[in-house]
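Just run.tsv here, TSV, C-alpha atoms:
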chain	number	residue	atom	x	y	z
A	16	MET	CA	0.00	0.00	0.00
A	17	PRO	CA	1.47	3.41	-0.90
A	18	ILE	CA	0.41	4.96	2.42
A	19	ILE	CA	3.25	4.72	4.92
A	20	VAL	CA	2.63	5.07	8.65
A	21	ASN	CA	5.53	6.79	10.38
A	22	LEU	CA	4.22	6.26	13.85
A	23	ASP	CA	7.33	4.44	15.07
A	24	VAL	CA	9.49	7.38	13.90
A	25	MET	CA	7.32	9.83	15.81
A	26	LEU	CA	7.37	7.61	18.88
A	27	ALA	CA	11.15	7.43	18.72
A	28	LYS	CA	11.37	11.23	18.39
A	29	ARG	CA	9.12	11.70	21.42
A	30	LYS	CA	10.91	8.85	23.25
A	31	MET	CA	7.60	7.25	24.00
A	32	GLN	CA	6.80	3.56	24.12
A	33	SER	CA	3.97	2.01	22.14
A	34	LYS	CA	2.34	0.72	25.29
A	35	GLU	CA	2.23	4.18	26.81
A	36	LEU	CA	0.73	5.70	23.67
A	37	ALA	CA	-1.85	2.91	23.44
A	38	GLU	CA	-2.93	3.57	27.02
A	39	ARG	CA	-3.13	7.33	26.46
A	40	ILE	CA	-5.22	7.17	23.32
A	41	GLY	CA	-7.35	4.28	24.55
A	42	ILE	CA	-6.66	1.56	21.99
A	43	SER	CA	-5.15	-1.85	22.50
A	44	LEU	CA	-1.47	-2.51	21.97
A	45	ALA	CA	-2.37	-5.08	19.31
A	46	ASN	CA	-4.31	-2.47	17.33
A	47	LEU	CA	-1.50	0.02	17.66
A	48	SER	CA	0.87	-2.65	16.38
A	49	ILE	CA	-1.41	-3.24	13.37
A	50	LEU	CA	-1.30	0.51	12.71
A	51	LYS	CA	2.49	0.68	13.04
A	52	THR	CA	3.15	-2.26	10.74
A	53	GLY	CA	0.89	-0.87	8.03
A	54	LYS	CA	-1.57	-3.77	8.14
A	55	ALA	CA	-4.51	-1.50	8.97
A	56	ARG	CA	-7.11	-0.95	6.26
A	57	ALA	CA	-8.23	2.39	7.62
A	58	ILE	CA	-7.81	4.79	10.51
A	59	ARG	CA	-10.60	6.64	12.26
A	60	PHE	CA	-10.42	10.42	12.52
A	61	SER	CA	-10.90	10.06	16.27
A	62	THR	CA	-7.84	7.79	16.52
A	63	LEU	CA	-5.77	10.10	14.33
A	64	GLU	CA	-6.86	13.06	16.40
A	65	ALA	CA	-5.88	11.30	19.65
A	66	ILE	CA	-2.48	10.29	18.27
A	67	CYS	CA	-1.76	13.84	17.02
A	68	LYS	CA	-2.83	15.26	20.37
A	69	GLU	CA	-0.58	12.95	22.38
A	70	LEU	CA	2.43	13.21	20.07
A	71	GLU	CA	1.87	16.94	19.42
A	72	CYS	CA	2.19	16.59	15.69
A	73	GLN	CA	0.21	16.89	12.46
A	74	PRO	CA	-1.44	14.01	10.56
A	75	ALA	CA	1.12	14.47	7.80
A	76	ASP	CA	3.84	13.65	10.29
A	77	ILE	CA	2.31	10.24	10.80
A	78	LEU	CA	0.97	9.43	7.36
A	79	GLU	CA	2.99	9.67	4.18
A	80	TYR	CA	2.17	8.87	0.57
A	81	ARG	CA	4.83	7.10	-1.47
A	82	GLU	CA	4.32	5.68	-4.94
A	83	ASP	CA	5.04	1.97	-5.31
B	224	MET	CA	-59.53	-49.24	7.60
B	225	VAL	CA	-60.38	-51.55	4.76
B	226	GLU	CA	-60.92	-55.22	5.08
B	227	GLY	CA	-60.06	-57.24	2.06
B	228	TYR	CA	-57.25	-58.51	-0.02
B	229	MET	CA	-55.92	-57.92	-3.42
B	230	ASN	CA	-54.39	-60.56	-5.53
B	231	GLY	CA	-51.05	-59.65	-6.94
B	232	PHE	CA	-49.91	-56.18	-7.78
B	233	ASP	CA	-50.18	-55.42	-11.41
B	234	ALA	CA	-51.66	-52.87	-13.71
B	235	GLU	CA	-54.98	-54.63	-14.10
B	236	GLU	CA	-58.22	-54.11	-12.33
B	237	ALA	CA	-59.15	-56.42	-9.53
B	238	ARG	CA	-62.70	-56.79	-8.25
B	239	LEU	CA	-63.10	-57.57	-4.60
B	240	PRO	CA	-66.26	-58.77	-2.97
B	241	VAL	CA	-66.65	-56.47	0.04
B	242	VAL	CA	-65.19	-53.24	1.24
B	243	LYS	CA	-65.77	-51.66	4.62
B	244	ILE	CA	-64.57	-48.16	5.37
B	245	ARG	CA	-64.12	-47.45	9.05
B	246	ASP	CA	-63.24	-44.34	10.97
B	247	ALA	CA	-59.70	-44.78	12.25
B	248	ALA	CA	-60.40	-42.94	15.52
B	249	SER	CA	-63.68	-44.47	16.62
B	250	ASP	CA	-63.47	-47.64	14.52
B	251	SER	CA	-67.12	-47.10	13.60
B	252	LEU	CA	-68.26	-48.29	10.22
B	253	LEU	CA	-68.59	-45.37	7.86
B	254	GLN	CA	-69.63	-47.07	4.68
B	255	GLU	CA	-69.93	-50.46	3.15
B	256	ALA	CA	-70.11	-51.55	-0.44
B	257	GLU	CA	-70.44	-54.82	-2.16
B	258	ALA	CA	-67.83	-54.26	-4.77
B	259	TYR	CA	-65.03	-51.91	-5.54
B	260	THR	CA	-62.36	-51.66	-8.09
B	261	LEU	CA	-58.73	-51.56	-7.34
B	262	PHE	CA	-56.46	-49.85	-9.78
B	263	SER	CA	-52.84	-50.52	-9.17
B	264	ARG	CA	-49.86	-49.01	-10.86
B	265	PRO	CA	-46.20	-49.32	-10.08
B	266	MET	CA	-46.03	-46.02	-8.25
B	267	ARG	CA	-49.45	-45.71	-6.64
B	268	ALA	CA	-52.72	-47.47	-6.19
B	269	GLU	CA	-56.18	-46.09	-5.83
B	270	LEU	CA	-59.04	-47.76	-4.16
B	271	ARG	CA	-62.27	-46.61	-5.72
B	272	THR	CA	-65.62	-47.57	-4.34
B	273	GLU	CA	-68.85	-47.27	-6.15
B	274	LEU	CA	-69.99	-44.92	-3.43
B	275	PRO	CA	-69.12	-41.21	-3.46
B	276	TYR	CA	-65.96	-42.04	-1.55
B	277	ILE	CA	-62.60	-42.20	-3.21
B	278	SER	CA	-59.88	-43.49	-0.97
B	279	ARG	CA	-56.22	-43.65	-1.59
B	280	PHE	CA	-53.95	-45.83	0.44
B	281	ILE	CA	-50.51	-44.48	0.96
B	282	VAL	CA	-48.03	-46.19	3.21
B	283	PRO	CA	-44.72	-44.43	2.63
B	284	LEU	CA	-41.78	-46.66	3.41
B	285	ILE	CA	-40.14	-43.79	5.21
B	286	ASP	CA	-43.04	-43.69	7.68
B	287	LEU	CA	-42.51	-47.25	8.78
B	288	ARG	CA	-40.77	-47.72	12.09
B	289	GLY	CA	-37.22	-48.78	11.58
B	290	MET	CA	-36.81	-46.85	8.37
B	291	GLU	CA	-36.52	-43.62	10.33
B	292	LEU	CA	-33.96	-45.24	12.59
B	293	SER	CA	-31.79	-46.47	9.78
B	294	ILE	CA	-28.02	-46.06	10.03
B	295	LEU	CA	-28.13	-43.40	7.32
B	296	ASN	CA	-30.70	-41.30	9.15
B	297	LEU	CA	-29.04	-41.71	12.53
B	298	PHE	CA	-25.68	-40.75	11.07
B	299	CYS	CA	-27.04	-37.71	9.24
B	300	TYR	CA	-29.18	-36.54	12.16
B	301	SER	CA	-26.20	-36.90	14.51
B	302	LEU	CA	-23.80	-35.10	12.18
B	303	VAL	CA	-26.15	-32.20	11.44
B	304	THR	CA	-27.08	-31.86	15.13
B	305	TYR	CA	-23.41	-31.90	16.17
B	306	LEU	CA	-22.47	-29.29	13.56
B	307	LEU	CA	-25.40	-27.07	14.53
B	308	PHE	CA	-24.42	-27.39	18.19
B	309	ARG	CA	-20.83	-26.33	17.39
B	310	PHE	CA	-22.15	-23.53	15.19
B	311	ILE	CA	-24.31	-22.10	17.99
B	312	HIS	CA	-21.57	-22.72	20.56
B	313	ASP	CA	-19.10	-20.57	18.60
B	314	LEU	CA	-21.50	-17.68	18.14
B	315	SER	CA	-20.88	-14.59	20.24
B	316	LEU	CA	-22.11	-11.01	20.13
B	317	GLU	CA	-18.57	-9.63	20.04
B	318	ARG	CA	-17.45	-11.81	17.15
B	319	PRO	CA	-20.40	-13.38	15.34
B	320	TYR	CA	-18.56	-14.56	12.24
B	321	HIS	CA	-16.09	-17.43	12.19
B	322	LEU	CA	-14.48	-19.22	9.28
B	323	ALA	CA	-15.08	-22.55	11.02
B	324	ASN	CA	-18.82	-21.83	11.11
B	325	HIS	CA	-18.80	-21.07	7.41
B	326	LYS	CA	-17.24	-24.48	6.76
B	327	ARG	CA	-19.78	-26.11	9.06
B	328	LEU	CA	-22.66	-24.55	7.14
B	329	ILE	CA	-21.21	-25.82	3.86
B	330	VAL	CA	-20.87	-29.33	5.32
B	331	ILE	CA	-24.45	-29.22	6.64
B	332	GLY	CA	-25.73	-28.19	3.20
B	333	ILE	CA	-23.81	-30.94	1.44
B	334	VAL	CA	-24.93	-33.55	4.01
B	335	LEU	CA	-28.58	-32.56	3.50
B	336	ILE	CA	-28.30	-32.86	-0.28
B	337	VAL	CA	-26.39	-36.15	-0.20
B	338	TRP	CA	-28.78	-37.48	2.46
B	339	ASP	CA	-31.81	-37.03	0.23
B	340	PHE	CA	-29.91	-38.26	-2.80
B	341	ILE	CA	-29.14	-41.53	-1.01
B	342	ARG	CA	-32.73	-41.78	0.25
B	343	PHE	CA	-34.02	-41.24	-3.26
B	344	ASN	CA	-31.91	-44.10	-4.61
B	345	ARG	CA	-32.68	-46.33	-1.64
B	346	ASP	CA	-36.42	-45.73	-1.94
B	347	HIS	CA	-36.31	-46.61	-5.61
B	348	LEU	CA	-34.35	-49.75	-4.82
B	349	ILE	CA	-36.77	-50.85	-2.10
B	350	LEU	CA	-39.81	-49.87	-4.14
B	351	ASN	CA	-38.72	-51.94	-7.10
B	352	ARG	CA	-38.02	-54.93	-4.87
B	353	VAL	CA	-41.34	-54.57	-3.05
B	354	VAL	CA	-43.31	-54.34	-6.25
B	355	HIS	CA	-41.71	-57.54	-7.48
B	356	ASN	CA	-42.25	-59.33	-4.19
B	357	LEU	CA	-45.84	-58.32	-3.57
B	358	THR	CA	-47.91	-61.26	-2.54
B	359	GLU	CA	-51.43	-61.84	-1.43
B	360	GLY	CA	-52.36	-59.79	1.59
B	361	GLN	CA	-50.24	-56.79	0.78
B	362	PHE	CA	-52.20	-53.93	-0.59
B	363	ARG	CA	-50.03	-50.87	-0.86
B	364	TYR	CA	-46.56	-49.44	-0.76
B	365	ASP	CA	-45.97	-45.97	-1.98
B	366	PHE	CA	-43.02	-43.93	-2.99
B	367	PRO	CA	-42.52	-41.13	-0.43
B	368	GLY	CA	-41.55	-38.50	-2.95
B	369	GLU	CA	-40.66	-35.88	-0.37
B	370	TYR	CA	-37.10	-34.74	-0.74
B	371	TYR	CA	-37.31	-31.31	0.76
B	372	LYS	CA	-33.84	-31.61	2.24
B	373	VAL	CA	-32.28	-30.94	-1.16
B	374	GLY	CA	-33.88	-27.49	-1.22
B	375	LEU	CA	-32.97	-26.99	2.42
B	376	GLY	CA	-29.37	-27.94	1.67
B	377	VAL	CA	-29.18	-25.46	-1.20
B	378	MET	CA	-30.60	-22.75	1.07
B	379	VAL	CA	-28.03	-23.55	3.75
B	380	ILE	CA	-25.20	-23.32	1.21
B	381	ILE	CA	-26.52	-19.96	-0.01
B	382	GLY	CA	-26.67	-18.90	3.64
B	383	ALA	CA	-23.06	-20.02	4.05
B	384	MET	CA	-22.03	-17.80	1.11
B	385	ILE	CA	-23.75	-14.81	2.71
B	386	TYR	CA	-22.12	-15.72	6.01
B	387	LYS	CA	-18.71	-15.69	4.29
B	388	ARG	CA	-19.39	-12.14	3.14
B	389	GLY	CA	-20.03	-11.30	6.79
B	390	ILE	CA	-16.64	-12.80	7.69
B	391	SER	CA	-14.83	-10.57	5.22
B	392	LEU	CA	-16.73	-7.51	6.45
B	393	GLN	CA	-15.84	-8.39	10.03
B	394	GLN	CA	-12.17	-8.82	9.11
B	395	GLU	CA	-12.20	-5.46	7.38
B	396	SER	CA	-13.88	-3.86	10.38
B	397	GLU	CA	-11.24	-5.32	12.69
B	398	LEU	CA	-8.51	-3.67	10.60
B	399	VAL	CA	-10.02	-0.22	11.03
B	400	ILE	CA	-8.15	1.34	13.95
Represent the supplied structure as structure tokens.
Amino acid sequence: MPIIVNLDVMLAKRKMQSKELAERIGISLANLSILKTGKARAIRFSTLEAICKELECQPADILEYRED
Amino acid sequence: MVEGYMNGFDAEEARLPVVKIRDAASDSLLQEAEAYTLFSRPMRAELRTELPYISRFIVPLIDLRGMELSILNLFCYSLVTYLLFRFIHDLSLERPYHLANHKRLIVIGIVLIVWDFIRFNRDHLILNRVVHNLTEGQFRYDFPGEYYKVGLGVMVIIGAMIYKRGISLQQESELVI
């Protein structure tokens, strides 16, 4: 899929663990892992909003479009 | 209830001396005639009195005790019941669709179709043998002709296909974070 999720990069920049982020935004670690590995089919606006709020970033910092 | 005999079982008319028609519940005599005509054909027989009554005697083989408890029926009933039990057991409100249940539905559908297919062939086999072996004192055997399980099996398989669509929708929903 040409949409790349840079969540692990943002987590590394903020020095935050996946577990901590999952707890803060209220999703399971398994679902966050699906999101990080790019297996997710879609992302809810509410989830994106929560991630951006916790990581203090923009959606474009997390999602990136790259042609195959 | 009719008292009387027929001789042989062929396509010709047979005239019998007396017929008495009784009510099965009260055993009271409903009507009596001095003669009636029996028409017999390989697949069905009709008993026709000269009164306004027309009676048809149907004794489906499948209705006889023992036929319902055949190995085939016991096996199929057990298998379908077991699969339905597992199907219901695996259902849950949180995750209603399972691939295993889809496979179970397919198996149930196939079992129902094959079940009736075997019954159809077995009934024909028995019917042919019975017709050849009919002797004095036997008056009627009929071909059941009810194979509704084929339609039921097809419906179950169609249901399984719809269920599979539910599985893919559920999988897609689970991948929306």
Could you list, as an MDAnalysis selection string, every residue of chain B that has an atom within 6 Å of an atom of chain A, counting all atoms listed in the file?
chainID B and resid 398:400
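From atom CA of B:Arg318 back to atom CA of B:Gly376, the distance works out to 25.3 Å.
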In Å and to one decimal, atom CA of B:Trp338 is distant from atom CA of B:Lys326 by 17.9 Å
Counting all atoms listed in the file, what is within 12 Å of A:Arg29, bar same-chain residues fewer than 6 positions away, as a list in words?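 The neighbour list is Leu22, Asp23, Glu35, Leu36, Cys67, Glu69, Leu70, Glu71 and Cys72 of chain A.
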